[in-house]
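Encoded as C-alpha cells, the structure appears first; notes follow it.
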Number of protein chains: 2
Amino acid sequence: MSQPPILHIPPRTIMTPGPVEAEPSVLKAMSSSILGQFDPGFTQIMNDTMVSLRKVLQTDNHWAFPVDGTSRAGIEAMLCSVIEEGDRVLIPCFGRFGYLLTEIAERSGAEVHLMACEWGKVFEPAQVIAEMERVKPKVVAMVHGDTSTGRMQPLKDIGQACRDLDMLLIVDAVATVGGTDVKTDEWNIDGLITGTQKCLSVPSGLAPLTYNDRIEQILNERKSIEKGLIPPGENKGGMSPQGGRSGGIGRRIRSNYLDLSQLQDYWSPARLNHHTEATSMIYGLYEGLRVILQEGLPARFDRHRLNEKALVAGLEAMGLSLFGDPASKLPTVTCVNIPANIHGDSVRAMLLEEFGIEIASSFGPLHGKIWRIGTMGYSCQKRNILLTLGAFEAVLLRHGAKLYVGSGVQAAMDVYEEAAKPNHEVTAK
Amino acid sequence: MSQPPILHIPPRTIMTPGPVEAEPSVLKAMSSSILGQFDPGFTQIMNDTMVSLRKVLQTDNHWAFPVDGTSRAGIEAMLCSVIEEGDRVLIPCFGRFGYLLTEIAERSGAEVHLMACEWGKVFEPAQVIAEMERVKPKVVAMVHGDTSTGRMQPLKDIGQACRDLDMLLIVDAVATVGGTDVKTDEWNIDGLITGTQKCLSVPSGLAPLTYNDRIEQILNERKSIEKGLIPPGENKGGMSPQGGRSGGIGRRIRSNYLDLSQLQDYWSPARLNHHTEATSMIYGLYEGLRVILQEGLPARFDRHRLNEKALVAGLEAMGLSLFGDPASKLPTVTCVNIPANIHGDSVRAMLLEEFGIEIASSFGPLHGKIWRIGTMGYSCQKRNILLTLGAFEAVLLRHGAKLYVGSGVQAAMDVYEEAAKPNHEVTAK
C-alpha cells in the first residue's frame, strides 16, 4: 500500500474575501497540546473566550460563544433555533449570502418573504422598514457585508424599527466583524453571527455568535435534554422513560448539533455534555481575539481603512474601475470590474501560479464580471497591498490589458506616505 | 479595558475516551499557513485526504470525506440527509450514544423504533434481525462502540441481514475507527461516521464519514443547488427565478450545513461552493491519517490491544473489578467499577490536579458508578499506561481504598515484558 506524501503547503499571500492568512501567533496557539473538554484548564479558556468575544462583538449579551462549524453553521444554528414551522421571516437580499439566509430559513420551516435589490447596491432602510410593516415577520434576517458584491448594508435604523415593531433582527456579520465597526447592542441586533476565517484571522472552522434575552427566551421554551444524560434521581417534569426531557410538542429545534438551547447549556457552568468542543480551534479563537483586543478595535478599523484606501487608490491609478455603488462599499472587500477582452480566471490563475498571490472571482451573475480583493485581518497589511498591486499590474500587462503602467503601486505608496505624516487621521468613509 | 491573559495550557496525560492527546506531528501540521479553499495546493490535499480516509475506513466507496464539525455533526449529516419525514428507523441502543442516534433521527423526521438492552451488554445479532423483520425499517442505525458503557456491538451479521432485507445500515464508529478493526465494506455498512478526537488522534472538530452508492442515490434525488450560485447561462431544469434548483418537493434535506448532497459536490471536481473548508483541521486530519497508514492498521490495532491488556491486568491485579460483559468489551475503553465508599469524582479530581492525568466518569445511570479509562490513538502507549496505573493506585490509597499495593504496575510491566519476547503474538480477543 503506497504511503501518502508529506503535507506540502505552498507559500501564499491571500487577498481574497476569506479565508485569509491567520495571525502567526494563532497558528502557534493551535499547535498546543490537547486538554479534555471538562478540564478546568479548558473550561477557563472557554469562559475567557466568551469575555473576549463580547468585547469584539461590542455587546453586553451574556451569550457569546462559537458554534463548532464554519460560518454557515452559526447562521443555521441561529435561524433553526429561533425559527419555528410557519414563522414569517423577511430577508432583504443584496447578494449571494442573502440567498443563503433564504435557503437556511426555508429549510428551518420559515415562510420566507424575500426582497431583492440589484447586485452592487444595498437597501434604503426606509424600504426595508416599509416591507417589515407590510409583512409583519417574526424575524428580519440580513447580511451586514455581502462579500459576493462587496456591499455593506446600514443596519441602525432597521434595528431600531425591529425593536419598535417587536420583530427580531438576525444579522450575518461574517465579513465585517473585526475589520469594520459592528455595534451589536447599539444597533439593536438581537442575534449576530460571524466567522473566524475573515477579519478575525483565525482559520475557518468556528462561527462565533451572540444573542440577547429576547432570543434566549425562545430557546428556553424550545429546550430539550438528551436521553441518557440525566441520572435517575434527577428526573423532573416531562421526563420520557429513557430519561430525556423534550421541549414543547411541535416546537422542538430541528437540529441537535446546531441547537443553541443545548449549546448554551454546554457553555454555561452546568457544562451539560453536548459535542466535544473543538479544542485546537478554541485555542486559535482565544488567541485571535486576544490579538484583536491588544491592537484595539479603533486602531484595527483604522488599519483596515488605510489599507483599503491604498488598494483602491492603486487600482484606480492603474486605470481599473470598481464595481458597485461607492456609497455602500464594504471596506473589507474591493470589487474590480474585469476589463473587456480579459479572461478573469486566467488572470487569477497566473497571479497564483507565478506570484503565489490569491484573489477571488465572484458567484452566479457576477462570475467572470468582477474580481474581488479582500483586505481582511492579518492579510490586510501594507506589504501585501504593495506586492499585490505590483503583481496584478504585471499579470494584467501579460494578458494584454491597457494600463497606466507603474502608477498603481506609486499611488498606494503615496497613500501610506500621507498617512505616516504627523497628525494624520484616516477619515471614516 | 483589561487585556486577556496569554493562553495557558497545563500539561496533561489524557486517558479518557476522548478527546485524547493528538499526534505531535498533527499539531505541527495544524500550525501551517492557510491556503485558499480553491487553491490547487489545497484541493490536492482534500483529494489526498479522501484517498487516505478510504484506506483507514477500509472501504472502496468513492465518498469518504469529513464534515466540518465534531462527531455528532457527521452523524446528523448522515441521518438528516438520508432520513425523510416519516421514514421508519430502527435503533438498537446499548448506551448513551444510541440515544443520541434516536434524538437526531427524531429531529430528522424519523419514526423511530428503539430497542434497548441493559447497559453493560450488547445485542445478539439474531435479536436485532428479528426486530428488523418485524419493524421493516428503511434504516437501521447503530453505534459500533459505545464509550458510555465501554461495549462493542458485532455488526457483520446485522450488515448482511440489512443487505438481504434491503435496508440501510448506518453506523456510528466514532469510538472504534483507528483503534480496532472496522470493516466498512466487508460488514456491508452503507454509511459510517467517525470522529477525529479519539483513535485518529487529531483534535476534535471534524467528522470523517463514508457512504456507498445506495446512499448516494438518495442524496442525488434530494439534491438542491443554492440560489445565487449558478451563472444565468447555465440554468437547467427546475430553476427558481433566483437561479437555484430544488430537490423533489417535500424531500428537501432539512439542514443546509449538513446536507451531504451539497457537501459531495464541494468534495468533487465540481468544487461547488458550500462552506469554507476548515483549512487547519484538514491539515491535521491529513497528517493524522498519514501517521496511521505509516504505522499500518494491523500494527496499530495490535498496539491498542497490547496496551488495553496491560491496563486491564494492572487494574485487576490492584483488586479493582471491571464493569460490563467481558465478551463485548470495547478494546479502546475500559470501565472500572467504583468501589463502595469511594467518591468517584473526587478520585478523578485528585488524579487531574496532583498528577495531571485525566480519566472519565460516565453518563446518566452510570454516573458515579464507573470510571472510564481510554486507550486511544497517541494516548495509547506504554508510558501512559504505567504512569496512570501508578498514579491511580496512589490516589485510591489516599481515598482509603483497600488495594493490593504495588501489584498494578507490576502486572502491567509483566504484560509488556511478555509481549517483548521473540515470537510473541498479541492474541485477538
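Ordering of the C-alpha cells sets the chain letters (A, B, ...); residue numbers start at 1 within each chain; ligands are numbered from 1 in the order shown.
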
Long-range neighbours of Val51 (chain A) as a PyMOL selection string, 12 Å cut-off, only C-alpha atoms, 3 positions minimum in chain: (chain A and resi 44-48+54-65+210+286+289-290+293) or (chain B and resi 1-5)

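With only C-alpha atoms taken into account, the protein and nucleic acid residues at most 6 Å from Ala317 (chain A) (excluding it and anything under 2 positions from it in its own chain) are A:Ala313, A:Gly314, A:Leu315, A:Gly319, A:Ser407, A:Gly408.
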
Take the residues from that selection and put them in a file with all heavy atoms, as an mmCIF file, in the first residue's frame.
```cif
data_model
loop_
_atom_site.group_PDB
_atom_site.id
_atom_site.type_symbol
_atom_site.label_atom_id
_atom_site.label_comp_id
_atom_site.auth_asym_id
_atom_site.auth_seq_id
_atom_site.Cartn_x
_atom_site.Cartn_y
_atom_site.Cartn_z
ATOM 1 N N ALA A 313 -6.790 53.295 -4.270
ATOM 2 C CA ALA A 313 -6.011 54.318 -4.984
ATOM 3 C C ALA A 313 -5.139 53.662 -6.052
ATOM 4 O O ALA A 313 -5.045 54.136 -7.199
ATOM 5 C CB ALA A 313 -5.151 55.102 -3.990
ATOM 6 N N GLY A 314 -4.521 52.554 -5.684
ATOM 7 C CA GLY A 314 -3.644 51.848 -6.621
ATOM 8 C C GLY A 314 -4.397 51.306 -7.821
ATOM 9 O O GLY A 314 -3.963 51.458 -8.972
ATOM 10 N N LEU A 315 -5.525 50.674 -7.562
ATOM 11 C CA LEU A 315 -6.313 50.077 -8.652
ATOM 12 C C LEU A 315 -6.801 51.156 -9.613
ATOM 13 O O LEU A 315 -6.742 50.996 -10.839
ATOM 14 C CB LEU A 315 -7.505 49.297 -8.075
ATOM 15 C CG LEU A 315 -7.151 48.036 -7.270
ATOM 16 C CD1 LEU A 315 -8.377 47.540 -6.496
ATOM 17 C CD2 LEU A 315 -6.605 46.939 -8.173
ATOM 18 N N GLY A 319 -5.850 52.429 -13.761
ATOM 19 C CA GLY A 319 -6.825 52.569 -14.835
ATOM 20 C C GLY A 319 -7.981 51.592 -14.738
ATOM 21 O O GLY A 319 -8.797 51.485 -15.658
ATOM 22 N N SER A 407 1.826 53.181 -12.272
ATOM 23 C CA SER A 407 1.095 54.153 -11.443
ATOM 24 C C SER A 407 0.442 53.538 -10.207
ATOM 25 O O SER A 407 0.268 54.213 -9.188
ATOM 26 C CB SER A 407 -0.006 54.824 -12.272
ATOM 27 O OG SER A 407 0.547 55.409 -13.419
ATOM 28 N N GLY A 408 0.064 52.290 -10.300
ATOM 29 C CA GLY A 408 -0.710 51.669 -9.218
ATOM 30 C C GLY A 408 0.045 51.654 -7.901
ATOM 31 O O GLY A 408 -0.430 52.158 -6.883
#
```

Long-range neighbours of region 394-399 of chain A as a VMD selection string, 12 Å cut-off, only C-alpha atoms, 6 positions minimum in chain: chain A and resid 315 318 to 320 338 to 355 357 387 to 388 405 to 409

Expected answer as a VMD selection string: alpha helix (DSSP H) residues in region 143-327 of chain A: chain A and resid 156 to 164 213 to 222 260 to 266 279 to 295 297 to 318

Members of region 292-352 of chain A assigned strand (DSSP E or B) by DSSP, as a PDB file with N, CA, C and O atoms, in the first residue's frame:
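Output saved as out07.pdb:
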```pdb
ATOM      1  N   LEU A 322     -13.942  50.278 -10.318  1.00  0.00           N
ATOM      2  CA  LEU A 322     -14.510  49.446  -9.262  1.00  0.00           C
ATOM      3  C   LEU A 322     -15.979  49.162  -9.546  1.00  0.00           C
ATOM      4  O   LEU A 322     -16.690  49.996 -10.114  1.00  0.00           O
ATOM      5  N   LYS A 329     -19.904  50.777  -0.279  1.00  0.00           N
ATOM      6  CA  LYS A 329     -18.768  49.849  -0.409  1.00  0.00           C
ATOM      7  C   LYS A 329     -18.425  49.190   0.931  1.00  0.00           C
ATOM      8  O   LYS A 329     -18.331  49.861   1.960  1.00  0.00           O
ATOM      9  N   VAL A 333     -13.720  44.470   1.415  1.00  0.00           N
ATOM     10  CA  VAL A 333     -13.672  43.820   0.092  1.00  0.00           C
ATOM     11  C   VAL A 333     -13.762  44.882  -1.000  1.00  0.00           C
ATOM     12  O   VAL A 333     -14.612  45.773  -0.926  1.00  0.00           O
ATOM     13  N   THR A 334     -12.908  44.766  -1.998  1.00  0.00           N
ATOM     14  CA  THR A 334     -12.921  45.692  -3.126  1.00  0.00           C
ATOM     15  C   THR A 334     -13.186  44.895  -4.402  1.00  0.00           C
ATOM     16  O   THR A 334     -12.457  43.948  -4.705  1.00  0.00           O
ATOM     17  N   CYS A 335     -14.254  45.278  -5.103  1.00  0.00           N
ATOM     18  CA  CYS A 335     -14.639  44.558  -6.324  1.00  0.00           C
ATOM     19  C   CYS A 335     -14.184  45.353  -7.547  1.00  0.00           C
ATOM     20  O   CYS A 335     -14.463  46.551  -7.658  1.00  0.00           O
ATOM     21  N   VAL A 336     -13.496  44.688  -8.439  1.00  0.00           N
ATOM     22  CA  VAL A 336     -12.899  45.337  -9.603  1.00  0.00           C
ATOM     23  C   VAL A 336     -13.574  44.801 -10.863  1.00  0.00           C
ATOM     24  O   VAL A 336     -13.675  43.579 -11.035  1.00  0.00           O
ATOM     25  N   ASN A 337     -14.017  45.708 -11.728  1.00  0.00           N
ATOM     26  CA  ASN A 337     -14.593  45.260 -12.997  1.00  0.00           C
ATOM     27  C   ASN A 337     -13.506  44.647 -13.871  1.00  0.00           C
ATOM     28  O   ASN A 337     -12.434  45.245 -14.063  1.00  0.00           O
TER      29      ASN A 337
END
```

Polymer residues at most 8 Å from region 101-104 of chain B, only C-alpha atoms, same-chain spacing of 6 or more positions, as a PyMOL selection string: (chain A and resi 226-227+255-256) or (chain B and resi 75-76+79-80+91+112+114+141-142)

Could those selected residues go to a file with all heavy atoms, as a short mmCIF file (atom, residue, chain, number, x, y, z; two decimals), in the first residue's frame?
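Written file, part09.cif:
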```
data_model
loop_
_atom_site.label_atom_id
_atom_site.label_comp_id
_atom_site.auth_asym_id
_atom_site.auth_seq_id
_atom_site.Cartn_x
_atom_site.Cartn_y
_atom_site.Cartn_z
N GLU A 226 -31.09 15.66 26.23
CA GLU A 226 -30.91 14.35 25.59
C GLU A 226 -31.19 13.19 26.53
O GLU A 226 -30.78 13.20 27.68
CB GLU A 226 -29.47 14.22 25.08
CG GLU A 226 -29.25 14.88 23.76
CD GLU A 226 -27.78 14.86 23.35
OE1 GLU A 226 -27.06 13.93 23.73
OE2 GLU A 226 -27.37 15.81 22.66
N LYS A 227 -31.82 12.18 25.98
CA LYS A 227 -31.98 10.92 26.71
C LYS A 227 -30.61 10.34 27.04
O LYS A 227 -29.69 10.45 26.26
CB LYS A 227 -32.75 9.92 25.84
CG LYS A 227 -34.19 10.31 25.60
CD LYS A 227 -34.83 9.45 24.53
CE LYS A 227 -36.23 9.97 24.21
NZ LYS A 227 -36.78 9.35 23.00
N SER A 255 -32.45 20.68 14.54
CA SER A 255 -31.09 20.14 14.56
C SER A 255 -30.68 19.85 16.00
O SER A 255 -31.07 20.58 16.93
CB SER A 255 -30.12 21.14 13.94
OG SER A 255 -28.79 20.70 14.11
N ASN A 256 -29.94 18.81 16.20
CA ASN A 256 -29.33 18.57 17.50
C ASN A 256 -27.97 19.27 17.56
O ASN A 256 -27.66 19.97 18.51
CB ASN A 256 -29.14 17.06 17.73
CG ASN A 256 -28.21 16.75 18.89
OD1 ASN A 256 -26.99 16.83 18.78
ND2 ASN A 256 -28.78 16.41 20.03
N ILE B 75 -22.77 12.51 12.29
CA ILE B 75 -23.92 11.62 12.49
C ILE B 75 -25.19 12.30 11.99
O ILE B 75 -26.00 11.72 11.27
CB ILE B 75 -24.05 11.24 13.99
CG1 ILE B 75 -22.83 10.44 14.44
CG2 ILE B 75 -25.34 10.47 14.24
CD1 ILE B 75 -22.75 10.22 15.94
N GLU B 76 -25.34 13.58 12.34
CA GLU B 76 -26.53 14.31 11.91
C GLU B 76 -26.54 14.49 10.40
O GLU B 76 -27.60 14.39 9.76
CB GLU B 76 -26.63 15.66 12.63
CG GLU B 76 -27.91 16.40 12.29
CD GLU B 76 -28.22 17.55 13.25
OE1 GLU B 76 -27.89 17.44 14.45
OE2 GLU B 76 -28.77 18.57 12.80
N LEU B 79 -27.68 11.14 8.98
CA LEU B 79 -29.08 10.80 9.24
C LEU B 79 -30.03 11.78 8.57
O LEU B 79 -31.01 11.38 7.94
CB LEU B 79 -29.34 10.74 10.76
CG LEU B 79 -28.65 9.59 11.50
CD1 LEU B 79 -29.01 9.61 12.98
CD2 LEU B 79 -29.02 8.23 10.90
N CYS B 80 -29.73 13.09 8.66
CA CYS B 80 -30.71 14.04 8.12
C CYS B 80 -30.68 14.05 6.59
O CYS B 80 -31.66 14.45 5.96
CB CYS B 80 -30.55 15.44 8.71
SG CYS B 80 -29.31 16.45 7.93
N ILE B 91 -33.43 1.59 15.86
CA ILE B 91 -32.20 1.90 16.61
C ILE B 91 -32.05 0.94 17.78
O ILE B 91 -32.70 1.08 18.80
CB ILE B 91 -32.21 3.37 17.09
CG1 ILE B 91 -32.35 4.31 15.88
CG2 ILE B 91 -30.95 3.67 17.91
CD1 ILE B 91 -32.37 5.78 16.22
N VAL B 112 -39.07 6.59 14.89
CA VAL B 112 -38.00 5.78 15.47
C VAL B 112 -38.56 4.58 16.22
O VAL B 112 -39.50 4.73 17.01
CB VAL B 112 -37.13 6.62 16.43
CG1 VAL B 112 -36.16 5.73 17.21
CG2 VAL B 112 -36.37 7.69 15.65
N LEU B 114 -37.15 2.08 18.84
CA LEU B 114 -36.00 1.91 19.70
C LEU B 114 -36.04 0.52 20.33
O LEU B 114 -37.08 0.10 20.83
CB LEU B 114 -36.06 2.98 20.80
CG LEU B 114 -34.90 3.03 21.79
CD1 LEU B 114 -33.67 3.64 21.13
CD2 LEU B 114 -35.29 3.85 23.02
N ALA B 141 -29.92 2.09 12.41
CA ALA B 141 -28.82 2.96 12.86
C ALA B 141 -28.29 2.44 14.18
O ALA B 141 -29.06 2.24 15.12
CB ALA B 141 -29.30 4.40 12.99
N MET B 142 -26.99 2.22 14.25
CA MET B 142 -26.39 1.61 15.45
C MET B 142 -25.04 2.24 15.77
O MET B 142 -24.32 2.66 14.89
CB MET B 142 -26.11 0.13 15.22
CG MET B 142 -27.31 -0.74 15.08
SD MET B 142 -26.86 -2.48 15.40
CE MET B 142 -26.75 -2.49 17.20
#
```

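The smallest atom-to-atom distance between chain A and any of B:Leu27, B:Val291, B:Leu389, B:Leu311, using only C-alpha atoms, is found for B:Leu27.
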
Residue contacts of Ile193 (chain A) (12 Å, only C-alpha atoms) excluding same-chain residues fewer than 2 positions away, as number ranges by chain: A: 53, 57, 63-67, 69-79, 101, 141-145, 169-177, 182, 184, 189-191, 195-196, 206-211

Non-local contacts of Thr147 (chain B) (9 Å; only C-alpha atoms; under 3 positions in same chain excluded) as JSON, numbers by chain: {"B": [17, 95, 96, 97, 150, 151, 152, 175, 330, 332, 333, 334, 335, 362, 372, 374]}

Got time to write the residues from that selection, all heavy atoms, as a compact mmCIF listing (two decimals), in the first residue's frame?
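Generated file (again.txt):
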```txt
# COMPACT_ATOMS: atom_id res chain seq x y z
N PRO B 17 -11.98 8.48 27.20
CA PRO B 17 -12.40 8.00 25.87
C PRO B 17 -12.57 9.15 24.88
O PRO B 17 -13.45 9.12 24.04
CB PRO B 17 -13.75 7.32 26.16
CG PRO B 17 -13.93 7.33 27.64
CD PRO B 17 -13.08 8.42 28.17
N GLY B 95 -26.41 2.05 25.00
CA GLY B 95 -25.70 3.04 25.81
C GLY B 95 -26.14 4.43 25.40
O GLY B 95 -27.04 4.61 24.57
N ARG B 96 -25.51 5.42 25.94
CA ARG B 96 -25.92 6.79 25.72
C ARG B 96 -25.94 7.17 24.25
O ARG B 96 -26.80 7.94 23.81
CB ARG B 96 -24.97 7.75 26.45
CG ARG B 96 -25.40 9.19 26.22
CD ARG B 96 -24.31 10.20 26.43
NE ARG B 96 -24.71 11.43 25.77
CZ ARG B 96 -23.95 12.47 25.62
NH1 ARG B 96 -22.73 12.46 26.09
NH2 ARG B 96 -24.40 13.53 25.00
N PHE B 97 -24.98 6.69 23.49
CA PHE B 97 -24.85 7.19 22.13
C PHE B 97 -25.88 6.58 21.18
O PHE B 97 -26.11 7.10 20.10
CB PHE B 97 -23.40 7.11 21.66
CG PHE B 97 -22.55 8.08 22.44
CD1 PHE B 97 -21.79 7.68 23.53
CD2 PHE B 97 -22.59 9.43 22.14
CE1 PHE B 97 -21.06 8.59 24.28
CE2 PHE B 97 -21.86 10.35 22.89
CZ PHE B 97 -21.10 9.93 23.96
N GLY B 150 -18.67 1.24 27.44
CA GLY B 150 -17.47 0.50 27.07
C GLY B 150 -17.76 -0.82 26.36
O GLY B 150 -17.03 -1.79 26.52
N ARG B 151 -18.83 -0.86 25.57
CA ARG B 151 -19.21 -2.10 24.87
C ARG B 151 -19.07 -1.93 23.36
O ARG B 151 -19.19 -0.83 22.84
CB ARG B 151 -20.66 -2.49 25.15
CG ARG B 151 -21.04 -2.83 26.58
CD ARG B 151 -20.19 -3.92 27.19
NE ARG B 151 -19.23 -3.26 28.09
CZ ARG B 151 -18.26 -3.89 28.75
NH1 ARG B 151 -18.07 -5.17 28.60
NH2 ARG B 151 -17.43 -3.22 29.54
N MET B 152 -18.86 -3.04 22.67
CA MET B 152 -18.75 -3.04 21.21
C MET B 152 -19.71 -4.07 20.63
O MET B 152 -19.72 -5.23 21.05
CB MET B 152 -17.32 -3.33 20.78
CG MET B 152 -17.11 -3.23 19.27
SD MET B 152 -15.35 -3.07 18.82
CE MET B 152 -14.76 -4.72 19.18
N ALA B 175 -15.91 5.71 18.19
CA ALA B 175 -15.00 5.24 19.24
C ALA B 175 -14.08 4.12 18.80
O ALA B 175 -13.22 3.69 19.56
CB ALA B 175 -15.82 4.77 20.45
N LEU B 330 -15.31 -3.14 24.71
CA LEU B 330 -14.74 -2.25 23.70
C LEU B 330 -13.23 -2.16 23.97
O LEU B 330 -12.83 -1.74 25.05
CB LEU B 330 -15.42 -0.88 23.84
CG LEU B 330 -14.99 0.29 22.98
CD1 LEU B 330 -15.12 -0.02 21.50
CD2 LEU B 330 -15.85 1.51 23.32
N THR B 332 -11.00 -0.16 23.20
CA THR B 332 -10.42 1.17 23.36
C THR B 332 -10.89 1.89 24.63
O THR B 332 -10.44 2.99 24.90
CB THR B 332 -10.75 2.03 22.13
OG1 THR B 332 -12.17 2.04 21.94
CG2 THR B 332 -10.09 1.48 20.88
N VAL B 333 -11.81 1.27 25.37
CA VAL B 333 -12.29 1.87 26.63
C VAL B 333 -12.44 0.77 27.68
O VAL B 333 -12.99 -0.29 27.39
CB VAL B 333 -13.67 2.55 26.46
CG1 VAL B 333 -14.12 3.19 27.78
CG2 VAL B 333 -13.64 3.60 25.36
N THR B 334 -11.93 1.05 28.87
CA THR B 334 -12.04 0.11 29.97
C THR B 334 -12.84 0.76 31.09
O THR B 334 -12.49 1.84 31.56
CB THR B 334 -10.63 -0.28 30.47
OG1 THR B 334 -9.95 -0.93 29.37
CG2 THR B 334 -10.69 -1.21 31.67
N CYS B 335 -13.94 0.14 31.49
CA CYS B 335 -14.81 0.69 32.53
C CYS B 335 -14.54 -0.02 33.85
O CYS B 335 -14.56 -1.24 33.90
CB CYS B 335 -16.28 0.52 32.14
SG CYS B 335 -16.70 1.40 30.63
N SER B 362 -18.94 8.58 33.82
CA SER B 362 -19.86 8.25 32.73
C SER B 362 -21.14 9.07 32.84
O SER B 362 -21.21 10.02 33.62
CB SER B 362 -20.14 6.75 32.66
OG SER B 362 -20.82 6.45 31.43
N ARG B 372 -14.14 5.53 33.49
CA ARG B 372 -13.82 5.04 32.15
C ARG B 372 -12.41 5.48 31.79
O ARG B 372 -12.07 6.66 31.90
CB ARG B 372 -14.83 5.59 31.14
CG ARG B 372 -16.28 5.13 31.45
CD ARG B 372 -17.26 5.72 30.45
NE ARG B 372 -17.17 7.17 30.41
CZ ARG B 372 -17.33 7.90 29.32
NH1 ARG B 372 -17.60 7.32 28.16
NH2 ARG B 372 -17.23 9.22 29.38
N GLY B 374 -9.63 5.44 28.77
CA GLY B 374 -9.46 5.21 27.33
C GLY B 374 -8.06 4.74 27.00
O GLY B 374 -7.09 5.06 27.70
```

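Taking CA of Val202 (chain A) as the reference point, CA of Glu23 (chain A) is found at 6.7 Å.
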
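One distance worth recording is that between CA of Gly179 (chain A) and CA of Val20 (chain A), which is 12.3 Å.
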
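Every protein, DNA or RNA residue with an atom at most 8 Å from region 120-125 of chain A, where only C-alpha atoms count and chain neighbours fewer than 4 positions away do not, is listed here: Pro92, Phe94, Gly95, Ile129, Thr149, Gly150, Arg151, Met152, Gln153, Pro154, Leu155, Asp157, Ile158, Phe323, Gly324, Asp325 and Ser328 of chain A.
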
May I have the residues from that selection written out with N, CA and C atoms, as a compact mmCIF listing (two decimals), in the first residue's frame?
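Final output, saved to part.txt:
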```txt
# COMPACT_ATOMS: atom_id res chain seq x y z
N PRO A 92 -34.21 40.81 3.33
CA PRO A 92 -33.79 41.76 2.30
C PRO A 92 -32.42 41.31 1.80
N PHE A 94 -29.18 41.42 -0.88
CA PHE A 94 -28.44 42.25 -1.84
C PHE A 94 -27.21 41.54 -2.40
N GLY A 95 -27.22 40.18 -2.32
CA GLY A 95 -26.09 39.42 -2.86
C GLY A 95 -26.28 37.95 -2.56
N ILE A 129 -38.02 48.95 6.08
CA ILE A 129 -38.97 49.17 7.18
C ILE A 129 -40.42 49.13 6.66
N THR A 149 -20.83 40.82 -3.54
CA THR A 149 -20.97 42.08 -4.29
C THR A 149 -20.11 43.19 -3.69
N GLY A 150 -19.50 42.92 -2.53
CA GLY A 150 -18.68 43.93 -1.86
C GLY A 150 -19.48 45.11 -1.31
N ARG A 151 -20.71 44.85 -0.86
CA ARG A 151 -21.55 45.94 -0.33
C ARG A 151 -21.81 45.76 1.17
N MET A 152 -22.08 46.87 1.86
CA MET A 152 -22.39 46.85 3.29
C MET A 152 -23.69 47.59 3.54
N GLN A 153 -24.60 46.93 4.24
CA GLN A 153 -25.94 47.47 4.50
C GLN A 153 -25.96 48.23 5.83
N PRO A 154 -26.36 49.51 5.86
CA PRO A 154 -26.53 50.19 7.15
C PRO A 154 -27.67 49.52 7.93
N LEU A 155 -27.44 49.28 9.21
CA LEU A 155 -28.38 48.47 9.98
C LEU A 155 -29.07 49.22 11.12
N ASP A 157 -31.00 51.95 11.60
CA ASP A 157 -32.42 52.31 11.53
C ASP A 157 -33.31 51.07 11.47
N ILE A 158 -32.82 50.07 10.77
CA ILE A 158 -33.58 48.81 10.67
C ILE A 158 -33.67 48.16 12.05
N PHE A 323 -16.41 47.98 -9.10
CA PHE A 323 -17.81 47.57 -9.27
C PHE A 323 -18.65 48.10 -8.11
N GLY A 324 -19.87 48.48 -8.42
CA GLY A 324 -20.87 48.75 -7.37
C GLY A 324 -20.93 50.19 -6.92
N ASP A 325 -22.00 50.45 -6.15
CA ASP A 325 -22.28 51.79 -5.64
C ASP A 325 -21.24 52.16 -4.57
N SER A 328 -22.05 52.41 -0.71
CA SER A 328 -22.25 51.24 0.16
C SER A 328 -21.08 50.28 0.09
```

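Distances to Cys162 (chain B) were evaluated for B:Pro137, B:Gly368, B:Pro40, B:Pro269 using only C-alpha atoms, and the minimum falls at B:Pro137.
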
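Take the candidates A:Glu308, A:Glu221, A:Asp185, A:Glu131 and check each one against Gln381 (chain A) using only C-alpha atoms; the shortest distance goes to A:Glu308.
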
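The space separating CA of Ile253 (chain A) from CA of Val139 (chain A) comes to 16.2 Å.
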